[in-house]
file structure-v6.txt (compact mmCIF, C-alpha atoms)
# COMPACT_ATOMS: atom_id res chain seq x y z
CA ASP A 15 6.14 -11.57 -91.81
CA ALA A 16 9.23 -9.56 -92.68
CA LYS A 17 12.53 -10.84 -91.34
CA THR A 18 14.53 -8.78 -88.90
CA THR A 19 18.26 -8.55 -88.29
CA GLN A 20 19.70 -7.63 -84.91
CA PRO A 21 23.21 -7.70 -83.44
CA THR A 22 23.82 -10.78 -81.37
CA SER A 23 24.98 -8.89 -78.32
CA MET A 24 25.61 -5.40 -76.97
CA ASP A 25 27.09 -3.89 -73.83
CA CYS A 26 26.01 -0.74 -72.03
CA ALA A 27 27.20 1.05 -68.91
CA GLU A 28 24.67 1.56 -66.16
CA GLY A 29 23.04 4.98 -66.38
CA ARG A 30 23.87 5.45 -70.04
CA ALA A 31 21.43 5.19 -72.92
CA ALA A 32 21.18 1.81 -74.61
CA ASN A 33 20.47 2.02 -78.34
CA LEU A 34 19.43 -1.29 -79.86
CA PRO A 35 19.23 -1.37 -83.67
CA CYS A 36 17.04 -3.53 -85.88
CA ASN A 37 16.99 -3.89 -89.64
CA HIS A 38 13.74 -4.84 -91.37
CA SER A 39 14.43 -3.89 -94.97
CA THR A 40 11.56 -5.99 -96.38
CA ILE A 41 8.88 -4.51 -94.14
CA SER A 42 5.59 -3.75 -95.86
CA GLY A 43 3.34 -0.78 -95.34
CA ASN A 44 0.91 -2.39 -92.95
CA GLU A 45 3.45 -4.12 -90.70
CA TYR A 46 4.10 -2.83 -87.20
CA VAL A 47 7.47 -2.98 -85.44
CA TYR A 48 7.28 -4.55 -81.97
CA TRP A 49 9.91 -4.81 -79.29
CA TYR A 50 9.88 -7.40 -76.52
CA ARG A 51 12.48 -8.41 -74.01
CA GLN A 52 13.07 -11.55 -72.02
CA ILE A 53 14.82 -11.48 -68.70
CA HIS A 54 16.28 -14.81 -67.65
CA SER A 55 13.65 -17.34 -66.59
CA GLN A 56 10.76 -14.98 -67.23
CA GLY A 57 8.20 -14.68 -70.02
CA PRO A 58 8.74 -12.19 -72.85
CA GLN A 59 7.77 -8.68 -71.80
CA TYR A 60 6.16 -6.25 -74.21
CA ILE A 61 8.07 -2.95 -74.44
CA ILE A 62 6.73 -0.81 -77.26
CA HIS A 63 5.49 -0.87 -80.85
CA GLY A 64 5.00 1.53 -83.74
CA LEU A 65 3.99 1.79 -87.37
CA LYS A 66 5.51 4.94 -88.87
CA ASN A 67 5.93 7.54 -86.17
CA ASN A 68 8.39 7.51 -83.32
CA GLU A 69 6.87 6.30 -80.07
CA THR A 70 7.70 6.78 -76.41
CA ASN A 71 6.35 5.21 -73.24
CA GLU A 72 7.51 4.83 -69.67
CA MET A 73 9.93 2.07 -70.60
CA ALA A 74 11.55 3.16 -73.83
CA SER A 75 11.51 5.12 -77.08
CA LEU A 76 11.19 3.67 -80.56
CA ILE A 77 12.74 5.50 -83.48
CA ILE A 78 11.65 4.30 -86.96
CA THR A 79 13.48 5.61 -90.02
CA GLU A 80 11.49 7.43 -92.64
CA ASP A 81 11.78 4.55 -95.12
CA ARG A 82 10.79 2.16 -92.29
CA LYS A 83 13.62 -0.21 -93.14
CA SER A 84 15.21 0.05 -89.73
CA SER A 85 14.43 1.08 -86.18
CA THR A 86 16.17 1.71 -82.88
CA LEU A 87 14.95 0.95 -79.40
CA ILE A 88 16.29 3.41 -76.85
CA LEU A 89 16.46 2.74 -73.13
CA PRO A 90 17.33 6.25 -71.92
CA HIS A 91 19.01 5.35 -68.62
CA ALA A 92 19.89 1.68 -68.56
CA THR A 93 19.94 -0.14 -65.23
CA LEU A 94 21.29 -3.55 -64.29
CA ARG A 95 17.71 -4.86 -64.42
CA ASP A 96 17.58 -4.06 -68.13
CA THR A 97 20.01 -6.91 -68.83
CA ALA A 98 17.96 -9.19 -71.07
CA VAL A 99 17.48 -10.50 -74.60
CA TYR A 100 15.67 -7.91 -76.74
CA TYR A 101 13.56 -9.04 -79.69
CA CYS A 102 12.54 -6.88 -82.64
CA ILE A 103 9.52 -8.29 -84.48
CA VAL A 104 7.50 -7.06 -87.44
CA ARG A 105 3.91 -8.18 -87.83
CA PHE A 106 0.96 -7.58 -90.12
CA THR A 107 -1.99 -5.72 -88.73
CA GLY A 108 -4.78 -8.16 -88.11
CA PHE A 109 -2.33 -11.04 -88.21
CA GLN A 110 -1.70 -12.16 -84.69
CA LYS A 111 1.32 -14.37 -85.05
CA LEU A 112 4.57 -13.18 -83.45
CA VAL A 113 7.73 -14.74 -84.87
CA PHE A 114 10.68 -14.41 -82.51
CA GLY A 115 14.20 -14.38 -83.91
CA THR A 116 17.38 -14.72 -81.88
CA GLY A 117 17.32 -11.17 -80.53
CA THR A 118 20.08 -9.01 -79.02
CA ARG A 119 21.56 -9.96 -75.68
CA LEU A 120 22.07 -6.67 -73.81
CA LEU A 121 24.43 -6.68 -70.85
CA VAL A 122 24.28 -3.64 -68.60
CA SER A 123 27.34 -3.34 -66.39
CA PRO A 124 28.08 -1.16 -63.36
CA ASP B 22 -4.03 -5.91 -62.53
CA ALA B 23 -3.48 -9.64 -62.81
CA GLY B 24 -1.44 -10.69 -65.78
CA VAL B 25 -1.52 -14.01 -67.60
CA ILE B 26 -1.45 -16.79 -65.02
CA GLN B 27 0.07 -20.16 -65.78
CA SER B 28 0.19 -23.30 -63.72
CA PRO B 29 2.10 -25.23 -62.68
CA ARG B 30 5.33 -23.21 -62.75
CA HIS B 31 7.39 -26.38 -62.81
CA GLU B 32 6.50 -29.93 -63.80
CA VAL B 33 8.71 -32.98 -63.68
CA THR B 34 7.28 -36.26 -64.85
CA GLU B 35 8.28 -39.54 -66.40
CA MET B 36 8.12 -40.37 -70.07
CA GLY B 37 4.75 -41.71 -71.12
CA GLN B 38 2.76 -39.76 -68.57
CA GLU B 39 0.06 -37.26 -69.47
CA VAL B 40 0.92 -33.63 -68.84
CA THR B 41 -1.60 -30.80 -68.61
CA LEU B 42 -0.55 -27.16 -68.61
CA ARG B 43 -3.03 -24.46 -67.66
CA CYS B 44 -3.46 -20.82 -68.56
CA LYS B 45 -5.74 -18.00 -67.44
CA PRO B 46 -5.58 -15.05 -69.85
CA ILE B 47 -5.93 -11.41 -68.88
CA SER B 48 -9.57 -10.56 -68.31
CA GLY B 49 -11.14 -9.05 -71.41
CA HIS B 50 -8.56 -10.46 -73.79
CA ASN B 51 -10.03 -12.73 -76.43
CA SER B 52 -6.94 -14.03 -78.19
CA LEU B 53 -4.78 -16.65 -76.51
CA PHE B 54 -1.47 -18.13 -77.62
CA TRP B 55 0.65 -21.09 -76.59
CA TYR B 56 4.42 -20.90 -77.23
CA ARG B 57 7.28 -23.26 -76.51
CA GLN B 58 10.88 -22.23 -75.87
CA THR B 59 13.94 -24.45 -76.14
CA MET B 60 17.62 -23.70 -76.49
CA MET B 61 17.73 -25.31 -79.92
CA ARG B 62 14.65 -23.80 -81.51
CA GLY B 63 14.06 -20.61 -79.54
CA LEU B 64 10.51 -19.36 -79.02
CA GLU B 65 7.92 -21.02 -81.27
CA LEU B 66 4.18 -20.50 -81.59
CA LEU B 67 2.27 -23.75 -81.11
CA ILE B 68 -1.36 -22.66 -81.45
CA TYR B 69 -3.57 -19.67 -80.99
CA PHE B 70 -7.25 -19.10 -80.25
CA ASN B 71 -9.56 -16.25 -81.06
CA ASN B 72 -12.82 -16.05 -79.11
CA ASN B 73 -12.16 -19.58 -77.81
CA VAL B 74 -11.84 -21.02 -81.33
CA PRO B 75 -8.51 -22.46 -82.52
CA ILE B 76 -7.32 -20.39 -85.48
CA ASP B 77 -3.87 -21.73 -86.30
CA ASP B 78 -2.47 -24.97 -84.90
CA SER B 79 0.20 -25.45 -87.53
CA GLY B 80 2.91 -25.17 -84.89
CA MET B 81 1.66 -28.10 -82.83
CA PRO B 82 4.44 -30.67 -83.16
CA GLU B 83 2.35 -33.81 -83.48
CA ASP B 84 -0.81 -35.58 -82.44
CA ARG B 85 0.46 -36.06 -78.91
CA PHE B 86 -0.20 -32.36 -78.35
CA SER B 87 -3.69 -30.94 -77.96
CA ALA B 88 -5.05 -27.62 -76.76
CA LYS B 89 -8.49 -26.52 -75.66
CA MET B 90 -10.15 -23.31 -74.63
CA PRO B 91 -13.52 -24.19 -73.07
CA ASN B 92 -14.24 -20.60 -72.06
CA ALA B 93 -12.77 -17.12 -72.27
CA SER B 94 -10.88 -17.42 -69.01
CA PHE B 95 -9.18 -20.79 -69.28
CA SER B 96 -7.07 -22.85 -71.66
CA THR B 97 -5.16 -26.10 -71.42
CA LEU B 98 -2.28 -27.61 -73.36
CA LYS B 99 -2.06 -31.36 -73.02
CA ILE B 100 0.72 -33.75 -73.99
CA GLN B 101 -0.14 -37.45 -74.06
CA PRO B 102 2.06 -39.46 -73.98
CA SER B 103 4.94 -37.20 -73.02
CA GLU B 104 8.49 -37.74 -74.30
CA PRO B 105 11.86 -36.38 -73.13
CA ARG B 106 12.10 -34.15 -76.23
CA ASP B 107 9.01 -32.29 -75.01
CA SER B 108 11.10 -30.81 -72.21
CA ALA B 109 10.92 -27.03 -72.61
CA VAL B 110 9.43 -23.88 -71.16
CA TYR B 111 5.84 -23.40 -72.29
CA PHE B 112 4.44 -19.89 -72.36
CA CYS B 113 0.89 -18.67 -72.64
CA ALA B 114 0.10 -15.17 -73.92
CA SER B 115 -3.08 -13.18 -74.45
CA SER B 116 -4.12 -10.04 -76.32
CA LEU B 117 -7.13 -8.09 -77.41
CA ASP B 118 -8.49 -9.40 -80.65
CA VAL B 119 -9.15 -6.45 -82.84
CA ASP B 120 -5.96 -5.01 -84.25
CA ARG B 121 -6.63 -1.41 -83.37
CA GLY B 122 -3.17 0.01 -83.77
CA GLY B 123 -1.55 -3.35 -83.23
CA GLN B 124 -2.47 -5.00 -79.95
CA PRO B 125 0.54 -6.45 -78.08
CA GLN B 126 0.60 -9.90 -76.60
CA HIS B 127 1.21 -10.23 -72.88
CA PHE B 128 2.99 -13.33 -71.62
CA GLY B 129 2.78 -15.40 -68.49
CA ASP B 130 5.84 -16.57 -66.56
CA GLY B 131 5.74 -19.99 -68.20
CA THR B 132 5.74 -23.63 -67.16
CA ARG B 133 9.13 -25.32 -67.06
CA LEU B 134 8.49 -28.91 -68.12
CA SER B 135 10.99 -31.72 -67.66
CA ILE B 136 10.24 -35.19 -68.99
CA LEU B 137 12.54 -37.85 -67.59

call {"tool": "encode", "arguments": {"input": "structure-v6.txt", "output": "structure tokens"}}
result
Amino acid sequence: DAKTTQPTSMDCAEGRAANLPCNHSTISGNEYVYWYRQIHSQGPQYIIHGLKNNETNEMASLIITEDRKSSTLILPHATLRDTAVYYCIVRFTGFQKLVFGTGTRLLVSP
Amino acid sequence: DAGVIQSPRHEVTEMGQEVTLRCKPISGHNSLFWYRQTMMRGLELLIYFNNNVPIDDSGMPEDRFSAKMPNASFSTLKIQPSEPRDSAVYFCASSLDVDRGGQPQHFGDGTRLSIL
């Protein structure tokens, strides 16, 4: 699985958009980009994933660059409950293993 | 819809005792995963099953750990004998098997294990 690089921590004001970057310069053509988050004392929560195209769901948007070497998770209107560690993971199709790195600790403040 | 259900939520026991963690995957999911999370090592995959068959157990730390999946709706992770260094949060996750567009894994709330 390709390695990912994320900032250690980020801050965001409540109500503003949170943009979390991820570099995955060694990603291969059949690897998906997944985003999970972990709120303190809870299990990791699936947010969104994509292969080439940008994706949007009720939680977030995922923007993948054309060369697929980086991506950005966007929380359009961050709330205090979005404070968590966010993990960017790349994974082969048909290969079930998820390898979690250290993630980005997002702090949303009033 | 019920998510992944793990029990117990907390377990405190003495070194040397047998510990059994339980997991009920989401109905219809046929892949199941056991992870362990510690401050030092982060979140690590221990073992995963596909259609009740263990596929990759390379993350299981040693012979004291064993996992079973007797049917599609139940799995156990057993530690015997337990040691203080086994203290961690253990997560179970499940997903659909076939990678149609990349199936995400869904996690339970974990079992917080403390070995004294």

call {"tool": "closest_residue", "arguments": {"input": "structure-v6.txt", "among": "A:Glu80, A:Cys102, A:Asp25, A:Ser42", "to": "Ile62 in chain A", "atoms": "only C-alpha atoms"}}
result
A:Cys102

call {"tool": "atom_distance", "arguments": {"input": "structure-v6.txt", "atom1": "CA of Phe128 in chain B", "atom2": "CA of Leu76 in chain A"}}
result
20.9 Å

call {"tool": "residues_around", "arguments": {"input": "structure-v6.txt", "residues": "range 26-38 of chain A", "least_positions_apart": "4", "cutoff": "6 Å", "atoms": "all atoms listed in the file", "output": "ChimeraX atom specification"}}
result
/A:18-20,83-93,122-124

call {"tool": "atom_distance", "arguments": {"input": "structure-v6.txt", "atom1": "CA of Asn71 in chain B", "atom2": "CA of Gly117 in chain A"}}
result
27.4 Å

call {"tool": "closest_atom_pairs", "arguments": {"input": "structure-v6.txt", "of": "chain A", "to": "chain B", "cutoff": "10 Å", "atoms": "only C-alpha atoms", "output": "CSV"}}
result
residue,atom,partner,partner_atom,distance
A:Glu45,CA,B:Gly123,CA,9.0
A:Tyr46,CA,B:Gly123,CA,6.9
A:Val47,CA,B:Gly123,CA,9.3
A:Tyr48,CA,B:Pro125,CA,8.0
A:Trp49,CA,B:Pro125,CA,9.6
A:Tyr50,CA,B:Pro125,CA,9.5
A:Ser55,CA,B:Asp130,CA,7.8
A:Gln56,CA,B:Asp130,CA,5.2
A:Gly57,CA,B:Asp130,CA,4.6
A:Pro58,CA,B:Phe128,CA,6.0
A:Gln59,CA,B:Phe128,CA,6.7
A:Tyr60,CA,B:His127,CA,6.5
A:Ile61,CA,B:Pro125,CA,9.1
A:Ile62,CA,B:Pro125,CA,8.4
A:His63,CA,B:Gly123,CA,7.8
A:Gly64,CA,B:Gly123,CA,8.2
A:Leu65,CA,B:Gly122,CA,8.2
A:Arg105,CA,B:Gly123,CA,8.6
A:Phe106,CA,B:Gly123,CA,8.5
A:Thr107,CA,B:Gly123,CA,6.0
A:Gly108,CA,B:Asp120,CA,5.1
A:Phe109,CA,B:Asp120,CA,8.1
A:Gln110,CA,B:Asp120,CA,8.3
A:Lys111,CA,B:Leu66,CA,7.6
A:Leu112,CA,B:Leu66,CA,7.6
A:Val113,CA,B:Glu65,CA,7.2
A:Phe114,CA,B:Leu64,CA,6.1
A:Gly115,CA,B:Gly63,CA,7.6
A:Thr116,CA,B:Gly63,CA,7.2

call {"tool": "write_last_selection", "arguments": {"input": "structure-v6.txt", "atoms": "C-alpha atoms", "output": "compact mmCIF listing (two decimals), in the coordinates of the input"}}
result
# COMPACT_ATOMS: atom_id res chain seq x y z
CA GLU A 45 3.45 -4.12 -90.70
CA TYR A 46 4.10 -2.83 -87.20
CA VAL A 47 7.47 -2.98 -85.44
CA TYR A 48 7.28 -4.55 -81.97
CA TRP A 49 9.91 -4.81 -79.29
CA TYR A 50 9.88 -7.40 -76.52
CA SER A 55 13.65 -17.34 -66.59
CA GLN A 56 10.76 -14.98 -67.23
CA GLY A 57 8.20 -14.68 -70.02
CA PRO A 58 8.74 -12.19 -72.85
CA GLN A 59 7.77 -8.68 -71.80
CA TYR A 60 6.16 -6.25 -74.21
CA ILE A 61 8.07 -2.95 -74.44
CA ILE A 62 6.73 -0.81 -77.26
CA HIS A 63 5.49 -0.87 -80.85
CA GLY A 64 5.00 1.53 -83.74
CA LEU A 65 3.99 1.79 -87.37
CA ARG A 105 3.91 -8.18 -87.83
CA PHE A 106 0.96 -7.58 -90.12
CA THR A 107 -1.99 -5.72 -88.73
CA GLY A 108 -4.78 -8.16 -88.11
CA PHE A 109 -2.33 -11.04 -88.21
CA GLN A 110 -1.70 -12.16 -84.69
CA LYS A 111 1.32 -14.37 -85.05
CA LEU A 112 4.57 -13.18 -83.45
CA VAL A 113 7.73 -14.74 -84.87
CA PHE A 114 10.68 -14.41 -82.51
CA GLY A 115 14.20 -14.38 -83.91
CA THR A 116 17.38 -14.72 -81.88

call {"tool": "closest_residue", "arguments": {"input": "structure-v6.txt", "among": "B:Met36, B:Ile26, B:Met61, B:Ala109", "to": "Ser94 in chain B", "atoms": "only C-alpha atoms"}}
result
B:Ile26

call {"tool": "closest_residue", "arguments": {"input": "structure-v6.txt", "among": "B:Gly24, B:Pro105, B:Gly80, B:Gly37", "to": "Ser135 in chain B", "atoms": "only C-alpha atoms"}}
result
B:Pro105

call {"tool": "atom_distance", "arguments": {"input": "structure-v6.txt", "atom1": "CA of Asn73 in chain B", "atom2": "CA of Ala93 in chain B"}}
result
6.1 Å

call {"tool": "closest_residue", "arguments": {"input": "structure-v6.txt", "among": "B:Met81, B:Ile136, B:Ala23, B:Val74", "to": "Ser96 in chain B", "atoms": "only C-alpha atoms"}}
result
B:Val74

call {"tool": "residues_around", "arguments": {"input": "structure-v6.txt", "residues": "range 86-92 of chain B", "least_positions_apart": "5", "cutoff": "10 Å", "atoms": "all atoms listed in the file", "output": "list in words"}}
result
Val40, Thr41, Leu42, Arg43, Cys44, Lys45, Asn51, Leu53, Trp55, Leu67, Ile68, Tyr69, Phe70, Asn71, Asn72, Asn73, Val74, Pro75, Asp78, Met81, Thr97, Leu98, Lys99, Ile100, Gln101, Pro102, Ser103 and Asp107 of chain B
